[in-house]
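Engineer: The structure under discussion is supplied below as structure tokens; questions concerning it will follow.
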Amino acid sequence: MDVMPLLLLVAGSAAVAAAGRRVPVPVPLLLVAVGLMVSYVPGVPDYTLDPHIVLPLLLPPLLYTAATDSSYLDLRAQLRPVALLSVGYVLFATFVVGAAAYLIVPGLPLTAALVLGAVVAPPDAVAATAVARRVGLPSRITTILQGESLVNDATAITAFRVALAAAVGEGATWAGGILEFVVAAIGGIGMGLVLMVPLHWLRTHLREALLQNTLSLLIPFVAYAVAEQVHASGVLAVVVVALYLGHRAWEVDFATRLQEEAVWKMVAFVLESAVFALIGLQLPVVLKGLGEYEGAEAAWYAVAVFLVVAAARFVWVYPATFLPRLSARVRAREGEMSWKGPFIIGWAGMRGVVSLAIAFSIPLTVHDGGPFPERNLILFLTFTTVIGTLVVQGVTLPPLIRLLKFPTRDVRTETLAEANAQAQASRAAEQRLDDLLADERNALPGPLADRLRRVLERRRNAVWERLGQVNQVSGETVDDTYRRLSREMIGAERDVFVRLRDGRYIDDEMLRTLLRRLDLEEAAAYRETT
């Protein structure tokens, strides 16, 4: 097996993503664009998306990291709009896009058109999270987009299987499809509920951070595989487990949390970069099979399907947002909503690698042995829809938010809330310290007890200092100066330790121990002021 193409993909996409952080273009779009250009460089191999790799190996960790970063409480508060988008909109888009494709493309059977509709129906979790993170959307809209993209893959995959069974002549019915969806959804949620408690128990009872993080890397694959094995939704199983573990992450020890955050940031960075690069690299593979369609004809179909996909989302989003608000109880619970929020939600429906992976899983032949009708055209239209939503909507979303003067996060209010929370926690910690020191078994010399109190005071004051004035000479806030001086002091210590190691006064093992201690102190100083 030649691993060089895989290494080139990972290394190249990571390099482009790293460079993209220094330019104003959103990183996902830059990766797609570079992938498109590189795909025609002589000698570059064909990177064909294999659904047997993307769905069970790439989708679970991407869903897991997105779900653990989400808020269970926020998602529960937005359950109605999330359900309407992740289930209702996907089914609506499947029928609308399928019917439009059936009318637009001569000779395309309705069943094959519905296959296309199911393929392009779900907005992508990776794209939604990446763009929402970049543009800094308000928390409620970000929660709705993330919640939708976490669940909608399950709806789309089930709708795709039903439409595909009808297209290949296996006699599937929509009543049977609805039953299959219900069974898969209930089974996936149930499997997640069954797995989440023992997995969390295992995480909290493993005593080594290394073992706990090894388990953390395995969890999404285990949840997905077990659920799929019993014909339930692996997507929903992963999401349920991840939401539960993320909600109770505070019960895991600090070393595990520190390692886990670093590990999953790296995993998410590598996978997201590779996924967006893979989208661009599919162009030669898709065009190679287009064959009988002329360029202008195929381009017209692509533009028409893209416009239907974009319009259908608005047609669903506005009624789904405002019709429930005819109820006074809904208005009282969710507050007022202007037209701007639904507009952003409607425009943020980027498609991604899941749609392409599902499209590539369309078989070459139908039940009677003949070719699947217009398979290559469906692949092409899926590809152009994914590229179109990423480029058109992804590029225009940030300036659109600025143009609409969309409210962004109130940093001062958030800082005040953080400071008040820290003040309450500090008072509890101070009371606990006094209670402990009153016991003779916990007697400490005065300087050490004072040191505990100073650390607590520093942690309490650090958040309030972020609201303070800027130093007129240096232009720094108090916490910026504190962080810089702390790093300078730690850097001086680090230089001495290295010099002692080079002079053979201490060995490398002792150096690593001392450096780790400084690293933890530097991390603590950084976290106190951020």
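Chain labels A, B, ... are given in the sequence in which chains occur in the structure tokens; within each chain residues are numbered consecutively from 1, and ligands are likewise numbered from 1 in the order shown.
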Which polymer residues have any atom within 9 Å of an atom of Ala419 (chain A), counting only C-alpha atoms, with same-chain residues fewer than 6 positions away left out, as JSON, numbers by chain?

Structural biologist: {"A": [460, 461, 462, 463, 464]}

Engineer: Compile the contact shell of Gly147 (chain A) as JSON, numbers by chain: residues with an atom at most 7 Å away, counting only C-alpha atoms, same-chain residues fewer than 3 positions apart removed.

Structural biologist: {"A": [75, 82, 143, 144, 150, 151]}

Engineer: Take the selection from the previous step and output its residues with N, CA and C atoms, as a PDB file, in the first residue's frame.

Structural biologist:
ATOM      1  N   LEU A  75     -28.117  23.469  23.549  1.00  0.00           N
ATOM      2  CA  LEU A  75     -28.824  22.683  22.539  1.00  0.00           C
ATOM      3  C   LEU A  75     -30.222  22.304  23.020  1.00  0.00           C
ATOM      4  N   VAL A  82     -33.548  23.405  16.255  1.00  0.00           N
ATOM      5  CA  VAL A  82     -32.578  22.396  15.809  1.00  0.00           C
ATOM      6  C   VAL A  82     -33.292  21.209  15.179  1.00  0.00           C
ATOM      7  N   THR A 143     -25.274  27.938  18.146  1.00  0.00           N
ATOM      8  CA  THR A 143     -25.824  26.714  18.726  1.00  0.00           C
ATOM      9  C   THR A 143     -26.792  26.036  17.765  1.00  0.00           C
ATOM     10  N   ILE A 144     -27.657  26.819  17.125  1.00  0.00           N
ATOM     11  CA  ILE A 144     -28.632  26.244  16.185  1.00  0.00           C
ATOM     12  C   ILE A 144     -27.913  25.613  15.000  1.00  0.00           C
ATOM     13  N   LEU A 150     -24.994  18.579  13.529  1.00  0.00           N
ATOM     14  CA  LEU A 150     -24.636  17.350  14.243  1.00  0.00           C
ATOM     15  C   LEU A 150     -25.631  16.227  13.983  1.00  0.00           C
ATOM     16  N   VAL A 151     -26.893  16.581  13.757  1.00  0.00           N
ATOM     17  CA  VAL A 151     -27.954  15.574  13.682  1.00  0.00           C
ATOM     18  C   VAL A 151     -28.415  15.316  12.257  1.00  0.00           C
TER      19      VAL A 151
END

Engineer: So that I can see what lies close to Ala359 (chain A), please list as a PyMOL selection string the residues with an atom at most 9 Å from it, counting only C-alpha atoms and leaving out residues fewer than 2 positions away in the same chain.

Structural biologist: chain A and resi 51+115-116+119-120+354-357+361-362+375+378-379+382-383

Engineer: Would you mind exporting the chosen residues as a PDB file, in the first residue's frame, restricted to N, CA and C atoms?

Structural biologist:
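Produced file again_20.pdb, reproduced below:
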ATOM      1  N   PRO A  51     -16.461   6.193   0.417  1.00  0.00           N
ATOM      2  CA  PRO A  51     -17.430   6.312   1.513  1.00  0.00           C
ATOM      3  C   PRO A  51     -17.179   5.327   2.639  1.00  0.00           C
ATOM      4  N   VAL A 115     -32.545  10.848  -5.022  1.00  0.00           N
ATOM      5  CA  VAL A 115     -31.223  10.481  -4.503  1.00  0.00           C
ATOM      6  C   VAL A 115     -30.337  11.715  -4.442  1.00  0.00           C
ATOM      7  N   LEU A 116     -30.334  12.510  -5.520  1.00  0.00           N
ATOM      8  CA  LEU A 116     -29.562  13.758  -5.517  1.00  0.00           C
ATOM      9  C   LEU A 116     -30.049  14.692  -4.421  1.00  0.00           C
ATOM     10  N   VAL A 119     -28.737  13.625  -1.107  1.00  0.00           N
ATOM     11  CA  VAL A 119     -27.286  13.792  -1.015  1.00  0.00           C
ATOM     12  C   VAL A 119     -26.919  15.227  -0.652  1.00  0.00           C
ATOM     13  N   VAL A 120     -27.565  16.206  -1.277  1.00  0.00           N
ATOM     14  CA  VAL A 120     -27.189  17.610  -1.063  1.00  0.00           C
ATOM     15  C   VAL A 120     -28.017  18.280   0.026  1.00  0.00           C
ATOM     16  N   VAL A 354     -19.493  15.222   3.638  1.00  0.00           N
ATOM     17  CA  VAL A 354     -20.465  14.145   3.834  1.00  0.00           C
ATOM     18  C   VAL A 354     -21.320  13.969   2.591  1.00  0.00           C
ATOM     19  N   SER A 355     -21.744  15.077   1.992  1.00  0.00           N
ATOM     20  CA  SER A 355     -22.537  14.981   0.764  1.00  0.00           C
ATOM     21  C   SER A 355     -21.754  14.281  -0.343  1.00  0.00           C
ATOM     22  N   LEU A 356     -20.487  14.634  -0.489  1.00  0.00           N
ATOM     23  CA  LEU A 356     -19.670  13.984  -1.520  1.00  0.00           C
ATOM     24  C   LEU A 356     -19.467  12.505  -1.223  1.00  0.00           C
ATOM     25  N   ALA A 357     -19.222  12.171   0.043  1.00  0.00           N
ATOM     26  CA  ALA A 357     -19.016  10.766   0.402  1.00  0.00           C
ATOM     27  C   ALA A 357     -20.265   9.944   0.125  1.00  0.00           C
ATOM     28  N   SER A 361     -21.012   6.822  -2.840  1.00  0.00           N
ATOM     29  CA  SER A 361     -21.481   5.484  -2.478  1.00  0.00           C
ATOM     30  C   SER A 361     -22.621   5.001  -3.368  1.00  0.00           C
ATOM     31  N   ILE A 362     -23.079   5.842  -4.311  1.00  0.00           N
ATOM     32  CA  ILE A 362     -24.107   5.414  -5.260  1.00  0.00           C
ATOM     33  C   ILE A 362     -23.530   4.279  -6.105  1.00  0.00           C
ATOM     34  N   ARG A 375     -25.631   8.588 -12.935  1.00  0.00           N
ATOM     35  CA  ARG A 375     -24.795   8.603 -11.726  1.00  0.00           C
ATOM     36  C   ARG A 375     -23.720   9.671 -11.815  1.00  0.00           C
ATOM     37  N   ILE A 378     -25.086  13.131 -11.252  1.00  0.00           N
ATOM     38  CA  ILE A 378     -25.395  13.349  -9.831  1.00  0.00           C
ATOM     39  C   ILE A 378     -24.121  13.683  -9.064  1.00  0.00           C
ATOM     40  N   LEU A 379     -23.033  12.967  -9.346  1.00  0.00           N
ATOM     41  CA  LEU A 379     -21.755  13.271  -8.696  1.00  0.00           C
ATOM     42  C   LEU A 379     -21.316  14.694  -9.023  1.00  0.00           C
ATOM     43  N   THR A 382     -23.528  17.249  -7.245  1.00  0.00           N
ATOM     44  CA  THR A 382     -23.190  17.278  -5.820  1.00  0.00           C
ATOM     45  C   THR A 382     -21.922  18.086  -5.595  1.00  0.00           C
ATOM     46  N   PHE A 383     -20.921  17.833  -6.416  1.00  0.00           N
ATOM     47  CA  PHE A 383     -19.648  18.540  -6.287  1.00  0.00           C
ATOM     48  C   PHE A 383     -19.834  20.045  -6.483  1.00  0.00           C
TER      49      PHE A 383
END

Engineer: Please determine, counting only C-alpha atoms, which residue among A:Ala167, A:Leu326, A:Ile387, A:Ala113 has the shortest atom-to-atom distance to Gln282 (chain A).

Structural biologist: A:Ile387

Engineer: Quick one: everything within 7 Å of Thr155 (chain A), counting only C-alpha atoms, minus sequence neighbours fewer than 4 positions away in the same chain. Send it as a ChimeraX atom specification.

Structural biologist: /A:87,90,159

Engineer: Using only C-alpha atoms, determine which residues lie at most 7 Å from Leu236 (chain A), disregarding the query and same-chain residues fewer than 5 positions distant; provide the list as a list in words.

Structural biologist: Val151, Ala154, Ala185, Gly188 and Ile189 of chain A

Engineer: Go ahead and save the residues from that selection, with all heavy atoms, as an mmCIF file, in the first residue's frame.

Structural biologist:
data_model
loop_
_atom_site.group_PDB
_atom_site.id
_atom_site.type_symbol
_atom_site.label_atom_id
_atom_site.label_comp_id
_atom_site.auth_asym_id
_atom_site.auth_seq_id
_atom_site.Cartn_x
_atom_site.Cartn_y
_atom_site.Cartn_z
ATOM 1 N N VAL A 151 -26.893 16.581 13.757
ATOM 2 C CA VAL A 151 -27.954 15.574 13.682
ATOM 3 C C VAL A 151 -28.415 15.316 12.257
ATOM 4 O O VAL A 151 -28.874 14.216 11.933
ATOM 5 C CB VAL A 151 -29.154 16.014 14.558
ATOM 6 C CG1 VAL A 151 -30.286 15.002 14.499
ATOM 7 C CG2 VAL A 151 -28.704 16.206 16.008
ATOM 8 N N ALA A 154 -27.757 12.078 10.005
ATOM 9 C CA ALA A 154 -28.542 10.860 10.222
ATOM 10 C C ALA A 154 -29.809 10.880 9.377
ATOM 11 O O ALA A 154 -30.184 9.869 8.761
ATOM 12 C CB ALA A 154 -28.895 10.724 11.704
ATOM 13 N N ALA A 185 -33.195 6.352 14.181
ATOM 14 C CA ALA A 185 -33.025 7.467 15.102
ATOM 15 C C ALA A 185 -33.159 7.011 16.547
ATOM 16 O O ALA A 185 -32.310 7.322 17.396
ATOM 17 C CB ALA A 185 -34.049 8.556 14.790
ATOM 18 N N GLY A 188 -30.185 4.840 17.407
ATOM 19 C CA GLY A 188 -28.948 5.587 17.598
ATOM 20 C C GLY A 188 -28.929 6.333 18.916
ATOM 21 O O GLY A 188 -27.930 6.305 19.648
ATOM 22 N N ILE A 189 -30.046 6.999 19.238
ATOM 23 C CA ILE A 189 -30.126 7.704 20.520
ATOM 24 C C ILE A 189 -30.047 6.709 21.673
ATOM 25 O O ILE A 189 -29.340 6.937 22.666
ATOM 26 C CB ILE A 189 -31.434 8.527 20.589
ATOM 27 C CG1 ILE A 189 -31.394 9.645 19.545
ATOM 28 C CG2 ILE A 189 -31.632 9.097 21.990
ATOM 29 C CD1 ILE A 189 -32.699 10.397 19.401
#

Engineer: Determine the nearest neighbour of Gly35 (chain A) from the options A:Val194, A:Ile279, A:Val97, A:Ala163, counting only C-alpha atoms.

Structural biologist: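 Between A:Val194, A:Ile279, A:Val97, A:Ala163, the residue approaching Gly35 (chain A) most closely is A:Ile279.
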